[in-house]
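Q: Just dropping this structure here.
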Amino acid sequence: MQVAIKELEKIVELLQLEKRIDLEQFKQKVQQLSLHERKEKGYTWYPLEVVKSGYTYGERAFIILSRNTKEATYNHFRAGQSINFFTQQASVRKPEYTGVINFVNKHKIKIILNAKDLPEWLGGGLLGIDLLFDDRSYLEMEKAMKKVIETKNGRLVDLRNILLGKQEARFFPSETPIQIPHLNPSQNEAINTVTSAQDVAIIHGPPGTGKTTTIVQAIKILSQRENTVLVCAPSNAAVDLLTSRLAVAGLNVVRIGNISRVDEDTIRHTLESKLSHHPEAKNIKKVKIQAADCRRKAMRYKRNFGYEERQERNALFKQAGELSAWANQLEDRLIEQLLYGANVITCTLVGAAHKVLSKMQFRTVFIDEAAQALEPATWIPITKASKVVLTGDPFQLPPTVKSREAQKGGFNITLLEKSLERQDNICLLNVQYRMHELIMGFSNQYFYQDALQADETVKDHQLAFEASNPLVYIDTAGCGFDEKIIPEYKSKYNDGEYNILREHLIQLLSPYLEKEISLPSIAIISPYKEQITYIKEQLEEDEILSTIPIRVDTIDGFQGQERDVVYISMVRSNTKGEIGFLKDYRRMNVAMTRAKKKLVIIGDSATLGNDSFYAQFMAYVEAKGNYQSAWEYMM
């Protein structure tokens, strides 16, 4: 037991290291910059216009703001982050309010203020938002770890012992195994394991194996046996996807916290939306507006006022307090009704600490994409459940750790990775439904010991006008396509690689364009943000390709997605053979497994070939794919 506690205490120490480095890096990047510099680097939006304002649940004001569309450059704002809402108006008494981003896109952002009332200066213009260092997630992780370490008895102790490998997970005997006709044997086995687990169940889902489909079915079955199932994931985007899939399966889903996608299918499942569309919402909103109006009237009285004014001011504050208490009482009752009436509640790992869930305990919590989650964050929802289902793939994107010292200490090792080593009953989903078997082959060999098989429906599917190999490597060695660097962002790009990519893509699409038939879906991805920026700029000005729908994104941004054709621009090309974070092979596993029918990788073998992983991959392409030289595409 003491050894287990020491392991957790070590995690807490590493968490403090990560928090310190994160804060130091934020200060260096943001806090020392001028307004103009922050705006240029994407840490500030200014000036902004008010699109809409009002009041959301919990007596908090919200504002929707927009910026000039011409300024839609890269920015660092994401749903769930803390911001500072400010005005540059002169002589304003309180020119700053803090808040949290509810949703954001290129031109518009919704802020939930940490205040009951809207700023008096809202209509005066000169408005902006700054990104703040958000320590909320660290505080919630610290609280969860403290609880896990200090708890002496109860279900949390059992879960702690099992997840730390000090106790075996238990399973009920299954009298009548569940067999869902449209699922394969490994998927059905996973569902039976989840439903029979008493404490912990682990599902390992490699790319394209239907992990989300499987867990949606498992959640659907458990929601019929239990009151409400809690479903979490590390990112807002992953939670939004789960929310949509669960709703399509016919479940009543309530999404807690911030959202990352601004579409009706996601928004309508949020607690905020369900509250606003409830018949009682109009009454609650009316009372909130009355309370805010009373507070505004009271605040109009300045320092120098007489007895009657003071009495009036106190009466207005009292009335505002009574109205607020009434509105909160009505709202709390309605929130409780919506939450306890849901089949599923979805949120991020940190979102599980939301105050609306503070009194709720769950029989089962599902933690999806657990291989992307820092261990302290994973413990947050575990403290609210009696049974845990961890799902994910440790050979895809890892969690982000900024502190090298914390990483050396093992802070990047997730609870899912530890569980795969410690638990005996692991469910591996072994049939993939996305890729041609040659595209899958190298990943299957290197990461999964050839345990995967391609389903008959995809194992040899190809493009309409493509009889050649679905796997292509275009070698730029000797072409002089050296990588270039943008010092300001420390990100690299390679214009020569894009030129080769463009030529190959035009040749690929020519028969479709000539015959005017439907194009395959296409994506261009790269490990480097600057390469993505460069490619997007080139595509916008391209006479041929600018009209074709092509998704261009980083590997991280494209995780969980797929296209018929995927191009990967590797970028790195230098005389030293340096490949930087291309050494994160898990990230490359994600990139290499996004294509369904054709995967084309452009890179410099002279640089990449010094690394064993890439050398093995190029050997695989030479043996089973189509290994080409970039000279074939140079005019």
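Every chain in the structure tokens has a letter given in the order shown (A, B, ...), and although residue numbers restart at 1 in each chain, ligands are simply numbered from 1 in the order shown.
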Check region 312-547 of chain A with DSSP on the backbone and list each residue it calls strand (DSSP E), as a ChimeraX atom specification.
A: /A:344-348,362-367,385-392,426-428,431-432,453-454,471-475,484-486,491-493,522-526
Q: Counting only C-alpha atoms, which residues in region 486-527 of chain A sit no more than 10 Å from region 548-557 of chain A? For each one, give the nearest pair of atoms and the distance in Å, sorted by chain then residue number, as CSV.
A:
```
residue,atom,partner,partner_atom,distance
A:Leu509,CA,A:Ile548,CA,9.9
A:Leu519,CA,A:Ile548,CA,8.6
A:Pro520,CA,A:Pro549,CA,9.6
A:Ser521,CA,A:Ile550,CA,7.3
A:Ile522,CA,A:Ile550,CA,5.2
A:Ala523,CA,A:Arg551,CA,4.5
A:Ile524,CA,A:Val552,CA,4.8
A:Ile525,CA,A:Asp553,CA,5.1
A:Ser526,CA,A:Thr554,CA,5.1
A:Pro527,CA,A:Thr554,CA,5.6
```
Q: Among region 185-260 of chain A, which residues does DSSP mark as alpha helix (DSSP H) when it is run on the backbone? Keep the chain and numbering as in the structure and answer as number ranges by chain.
A: A: 185-196, 211-225, 236-248
Q: Take the residues from that selection and write them out as a compact mmCIF listing (two decimals), in the first residue's frame, keeping C-alpha atoms.
A:
```
# COMPACT_ATOMS: atom_id res chain seq x y z
CA PRO A 185 -16.17 -10.85 -32.22
CA SER A 186 -13.51 -8.60 -30.64
CA GLN A 187 -16.00 -5.73 -30.33
CA ASN A 188 -18.62 -8.00 -28.76
CA GLU A 189 -15.99 -9.41 -26.41
CA ALA A 190 -15.11 -5.85 -25.33
CA ILE A 191 -18.77 -5.07 -24.63
CA ASN A 192 -19.16 -8.25 -22.56
CA THR A 193 -16.01 -7.40 -20.61
CA VAL A 194 -17.32 -3.90 -19.86
CA THR A 195 -20.75 -5.12 -18.76
CA SER A 196 -19.33 -7.89 -16.55
CA LYS A 211 -13.54 1.92 -30.83
CA THR A 212 -16.16 4.68 -30.69
CA THR A 213 -18.82 2.39 -32.18
CA THR A 214 -17.98 -0.23 -29.55
CA ILE A 215 -18.06 2.04 -26.53
CA VAL A 216 -21.28 3.73 -27.69
CA GLN A 217 -22.95 0.30 -27.70
CA ALA A 218 -21.49 -0.52 -24.28
CA ILE A 219 -22.70 2.81 -22.86
CA LYS A 220 -26.14 2.24 -24.35
CA ILE A 221 -26.42 -1.13 -22.58
CA LEU A 222 -25.15 0.19 -19.24
CA SER A 223 -27.46 3.24 -19.40
CA GLN A 224 -30.38 0.82 -19.35
CA ARG A 225 -29.06 -0.80 -16.16
CA ASN A 236 -13.46 19.25 -25.88
CA ALA A 237 -13.37 18.04 -29.49
CA ALA A 238 -13.31 14.38 -28.40
CA VAL A 239 -16.19 14.99 -25.98
CA ASP A 240 -18.22 16.72 -28.69
CA LEU A 241 -17.73 13.73 -31.01
CA LEU A 242 -18.85 11.30 -28.31
CA THR A 243 -21.83 13.51 -27.50
CA SER A 244 -22.99 13.46 -31.12
CA ARG A 245 -22.49 9.71 -31.52
CA LEU A 246 -24.34 8.90 -28.30
CA ALA A 247 -27.24 11.16 -29.28
CA VAL A 248 -27.47 9.47 -32.70
```
Q: For CA of Ala477 (chain A) and CA of Ser573 (chain A), quote the distance in Å rounded to one decimal.
A: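 CA of Ser573 (chain A) lies 8.3 Å from CA of Ala477 (chain A).
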Q: With the cut-off set at 12 Å and counting only C-alpha atoms, tabulate each residue of region 38-132 of chain A with an atom at most that distance from an atom of region 348-356 of chain A, showing the nearest atom pair and its distance in Å to one decimal, ordered by chain and increasing number, as a tab-separated table.
A:
```
residue	atom	partner	partner_atom	distance
A:Tyr57	CA	A:Val356	CA	10.4
A:Gly58	CA	A:Val356	CA	9.3
A:Ala79	CA	A:Thr348	CA	11.2
A:Gly80	CA	A:Gly351	CA	9.2
A:Gln81	CA	A:Val350	CA	11.9
```
Q: Using Å and a single decimal, report how far CA of Met141 (chain A) sits from CA of Ser235 (chain A).
A: 15.1 Å
Q: Have a look at A:Val590, A:Ile149, A:Val472, A:Ile517 and name the one nearest to Gln396 (chain A); count only C-alpha atoms.
A: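 Closest candidate: A:Val590.
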Q: Need the shell around region 458-469 of chain A: protein/DNA/RNA residues with any atom at most 8 Å away, counting only C-alpha atoms. Skip same-chain ones fewer than 3 positions apart. Format as an MDAnalysis selection string?
A: chainID A and resid 433:438 454:455 472 511:512 520 564 596:598 625:626
Q: Using only C-alpha atoms, determine which residues lie at most 10 Å from region 576-582 of chain A, disregarding the query and same-chain residues fewer than 5 positions distant; provide the list as a list in words.
A: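 Counting only C-alpha atoms, the residues come to Pro527, Tyr528, Met570, Val571, Arg587, Met588, Asp604, Ser605, Ala606, Thr607, Leu608, Gly609, Asn610, Asp611 and Tyr614 of chain A.
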Q: Please, could you write that set of residues out with all heavy atoms as a tab-separated table (two decimals), in the first residue's frame?
A:
```
chain	number	residue	atom	x	y	z
A	527	PRO	N	3.57	17.40	-39.80
A	527	PRO	CA	3.87	17.58	-38.37
A	527	PRO	C	4.10	19.04	-37.99
A	527	PRO	O	4.06	19.38	-36.81
A	527	PRO	CB	5.16	16.77	-38.17
A	527	PRO	CG	5.29	15.91	-39.38
A	527	PRO	CD	4.62	16.66	-40.49
A	528	TYR	N	4.33	19.93	-39.00
A	528	TYR	CA	4.75	21.30	-38.69
A	528	TYR	C	3.68	22.32	-39.07
A	528	TYR	O	3.20	22.36	-40.20
A	528	TYR	CB	6.07	21.62	-39.41
A	528	TYR	CG	7.23	20.86	-38.82
A	528	TYR	CD1	7.58	19.61	-39.32
A	528	TYR	CD2	7.93	21.36	-37.73
A	528	TYR	CE1	8.63	18.89	-38.76
A	528	TYR	CE2	8.98	20.66	-37.17
A	528	TYR	CZ	9.33	19.41	-37.68
A	528	TYR	OH	10.35	18.71	-37.10
A	570	MET	N	6.69	15.62	-44.82
A	570	MET	CA	7.53	15.39	-43.64
A	570	MET	C	8.39	16.60	-43.27
A	570	MET	O	8.84	16.73	-42.13
A	570	MET	CB	8.44	14.18	-43.88
A	570	MET	CG	7.67	12.89	-44.17
A	570	MET	SD	6.64	12.37	-42.79
A	570	MET	CE	7.90	11.83	-41.64
A	571	VAL	N	8.70	17.47	-44.22
A	571	VAL	CA	9.40	18.75	-44.02
A	571	VAL	C	10.91	18.64	-43.78
A	571	VAL	O	11.71	19.28	-44.45
A	571	VAL	CB	8.75	19.60	-42.89
A	571	VAL	CG1	9.54	20.87	-42.64
A	571	VAL	CG2	7.30	19.93	-43.23
A	587	ARG	N	3.03	9.82	-33.02
A	587	ARG	CA	2.39	10.86	-33.84
A	587	ARG	C	2.38	10.43	-35.31
A	587	ARG	O	1.41	10.65	-36.03
A	587	ARG	CB	3.14	12.18	-33.64
A	587	ARG	CG	2.59	13.34	-34.46
A	587	ARG	CD	3.19	14.66	-34.04
A	587	ARG	NE	2.46	15.27	-32.94
A	587	ARG	CZ	2.86	15.25	-31.66
A	587	ARG	NH1	3.99	14.66	-31.32
A	587	ARG	NH2	2.15	15.81	-30.71
A	588	MET	N	3.46	9.81	-35.76
A	588	MET	CA	3.51	9.34	-37.13
A	588	MET	C	2.56	8.18	-37.36
A	588	MET	O	2.02	8.00	-38.45
A	588	MET	CB	4.93	8.94	-37.51
A	588	MET	CG	5.88	10.11	-37.69
A	588	MET	SD	5.19	11.43	-38.74
A	588	MET	CE	4.85	10.53	-40.25
A	604	ASP	N	12.61	13.33	-47.29
A	604	ASP	CA	14.02	13.21	-47.69
A	604	ASP	C	14.63	11.98	-47.00
A	604	ASP	O	14.85	11.99	-45.79
A	604	ASP	CB	14.76	14.48	-47.28
A	604	ASP	CG	16.24	14.44	-47.63
A	604	ASP	OD1	16.68	13.46	-48.27
A	604	ASP	OD2	16.95	15.38	-47.25
A	605	SER	N	14.91	10.95	-47.77
A	605	SER	CA	15.46	9.72	-47.19
A	605	SER	C	16.84	9.94	-46.59
A	605	SER	O	17.23	9.26	-45.64
A	605	SER	CB	15.53	8.62	-48.25
A	605	SER	OG	16.43	8.97	-49.29
A	606	ALA	N	17.61	10.90	-47.13
A	606	ALA	CA	18.96	11.17	-46.62
A	606	ALA	C	18.89	11.69	-45.19
A	606	ALA	O	19.82	11.47	-44.39
A	606	ALA	CB	19.67	12.18	-47.51
A	607	THR	N	17.80	12.40	-44.86
A	607	THR	CA	17.61	12.91	-43.49
A	607	THR	C	16.86	11.90	-42.63
A	607	THR	O	17.29	11.56	-41.53
A	607	THR	CB	16.84	14.25	-43.53
A	607	THR	OG1	17.57	15.20	-44.28
A	607	THR	CG2	16.62	14.78	-42.12
A	608	LEU	N	15.73	11.40	-43.13
A	608	LEU	CA	14.89	10.51	-42.34
A	608	LEU	C	15.49	9.12	-42.19
A	608	LEU	O	15.27	8.45	-41.17
A	608	LEU	CB	13.50	10.40	-42.98
A	608	LEU	CG	12.70	11.69	-43.16
A	608	LEU	CD1	11.38	11.41	-43.86
A	608	LEU	CD2	12.45	12.36	-41.82
A	609	GLY	N	16.24	8.68	-43.21
A	609	GLY	CA	16.74	7.30	-43.22
A	609	GLY	C	17.75	6.99	-42.15
A	609	GLY	O	18.06	5.81	-41.91
A	610	ASN	N	18.30	8.00	-41.49
A	610	ASN	CA	19.24	7.77	-40.39
A	610	ASN	C	18.53	7.24	-39.14
A	610	ASN	O	19.17	6.73	-38.22
A	610	ASN	CB	19.98	9.06	-40.02
A	610	ASN	CG	20.89	9.51	-41.15
A	610	ASN	OD1	21.57	8.70	-41.76
A	610	ASN	ND2	20.88	10.81	-41.43
A	611	ASP	N	17.20	7.39	-39.12
A	611	ASP	CA	16.41	6.93	-37.99
A	611	ASP	C	15.86	5.54	-38.30
A	611	ASP	O	15.32	5.29	-39.39
A	611	ASP	CB	15.26	7.90	-37.73
A	611	ASP	CG	14.40	7.48	-36.55
A	611	ASP	OD1	13.43	6.71	-36.77
A	611	ASP	OD2	14.69	7.91	-35.43
A	614	TYR	N	12.05	5.20	-39.55
A	614	TYR	CA	11.79	5.64	-40.92
A	614	TYR	C	12.52	4.77	-41.94
A	614	TYR	O	12.02	4.55	-43.05
A	614	TYR	CB	12.14	7.11	-41.08
A	614	TYR	CG	11.21	7.99	-40.26
A	614	TYR	CD1	11.64	8.56	-39.06
A	614	TYR	CD2	9.89	8.20	-40.65
A	614	TYR	CE1	10.80	9.33	-38.29
A	614	TYR	CE2	9.04	8.97	-39.88
A	614	TYR	CZ	9.49	9.53	-38.69
A	614	TYR	OH	8.63	10.27	-37.91
```
Q: So, counting only C-alpha atoms, which residue among A:Ala315, A:Val389, A:Leu122, A:Leu131 is closest to Phe366 (chain A)?
A: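 Smallest separation from Phe366 (chain A) among the options: A:Val389.
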Q: Excluding same-chain residues fewer than 4 positions from Pro95 (chain A), what lies within 12 Å of it counting only C-alpha atoms, as a short mmCIF file (atom, residue, chain, number, x, y, z; two decimals) with N, CA and C atoms, in the first residue's frame?
A:
```
data_model
loop_
_atom_site.label_atom_id
_atom_site.label_comp_id
_atom_site.auth_asym_id
_atom_site.auth_seq_id
_atom_site.Cartn_x
_atom_site.Cartn_y
_atom_site.Cartn_z
N ASN A 84 -8.95 37.42 -20.44
CA ASN A 84 -9.19 38.72 -19.82
C ASN A 84 -9.93 39.58 -20.84
N PHE A 85 -11.14 40.00 -20.51
CA PHE A 85 -11.95 40.86 -21.39
C PHE A 85 -11.71 42.29 -20.96
N PHE A 86 -11.24 43.14 -21.90
CA PHE A 86 -10.83 44.49 -21.49
C PHE A 86 -11.36 45.55 -22.46
N THR A 87 -11.26 46.79 -22.02
CA THR A 87 -11.55 47.94 -22.87
C THR A 87 -10.40 48.92 -22.79
N GLN A 88 -10.15 49.62 -23.90
CA GLN A 88 -9.14 50.66 -23.95
C GLN A 88 -9.76 52.04 -23.76
N GLN A 89 -11.05 52.08 -23.41
CA GLN A 89 -11.71 53.36 -23.18
C GLN A 89 -11.06 54.07 -21.99
N ALA A 90 -10.88 55.36 -22.11
CA ALA A 90 -10.27 56.14 -21.02
C ALA A 90 -11.27 56.34 -19.87
N SER A 91 -10.73 56.48 -18.66
CA SER A 91 -11.52 56.83 -17.47
C SER A 91 -12.55 55.78 -17.09
N LEU A 118 -23.02 42.38 -16.77
CA LEU A 118 -22.24 42.81 -17.92
C LEU A 118 -21.52 44.11 -17.60
N PRO A 119 -20.34 44.36 -18.17
CA PRO A 119 -19.63 45.61 -17.92
C PRO A 119 -20.44 46.82 -18.39
N GLU A 120 -20.36 47.90 -17.65
CA GLU A 120 -21.06 49.13 -18.04
C GLU A 120 -20.50 49.70 -19.33
N TRP A 121 -19.23 49.41 -19.63
CA TRP A 121 -18.56 49.96 -20.81
C TRP A 121 -18.72 49.12 -22.05
N LEU A 122 -19.61 48.13 -21.99
CA LEU A 122 -19.75 47.18 -23.09
C LEU A 122 -20.09 47.85 -24.42
N GLY A 124 -19.27 50.86 -25.41
CA GLY A 124 -18.41 51.99 -25.73
C GLY A 124 -17.29 51.71 -26.71
N GLY A 125 -17.18 50.47 -27.19
CA GLY A 125 -16.14 50.15 -28.16
C GLY A 125 -14.76 49.94 -27.54
N LEU A 126 -13.74 49.81 -28.40
CA LEU A 126 -12.35 49.59 -28.00
C LEU A 126 -12.21 48.35 -27.12
N LEU A 127 -12.89 47.26 -27.50
CA LEU A 127 -12.93 46.04 -26.70
C LEU A 127 -11.91 45.02 -27.21
N GLY A 128 -11.41 44.22 -26.30
CA GLY A 128 -10.46 43.18 -26.69
C GLY A 128 -10.43 42.06 -25.67
N ILE A 129 -9.77 40.95 -26.03
CA ILE A 129 -9.57 39.84 -25.10
C ILE A 129 -8.11 39.40 -25.15
#
```
Q: Taking only C-alpha atoms into account, which of A:Trp631, A:Tyr138, A:Tyr97, A:Phe442 comes nearest Asp117 (chain A)?
A: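 Closest to Asp117 (chain A) of all the choices is A:Tyr97.
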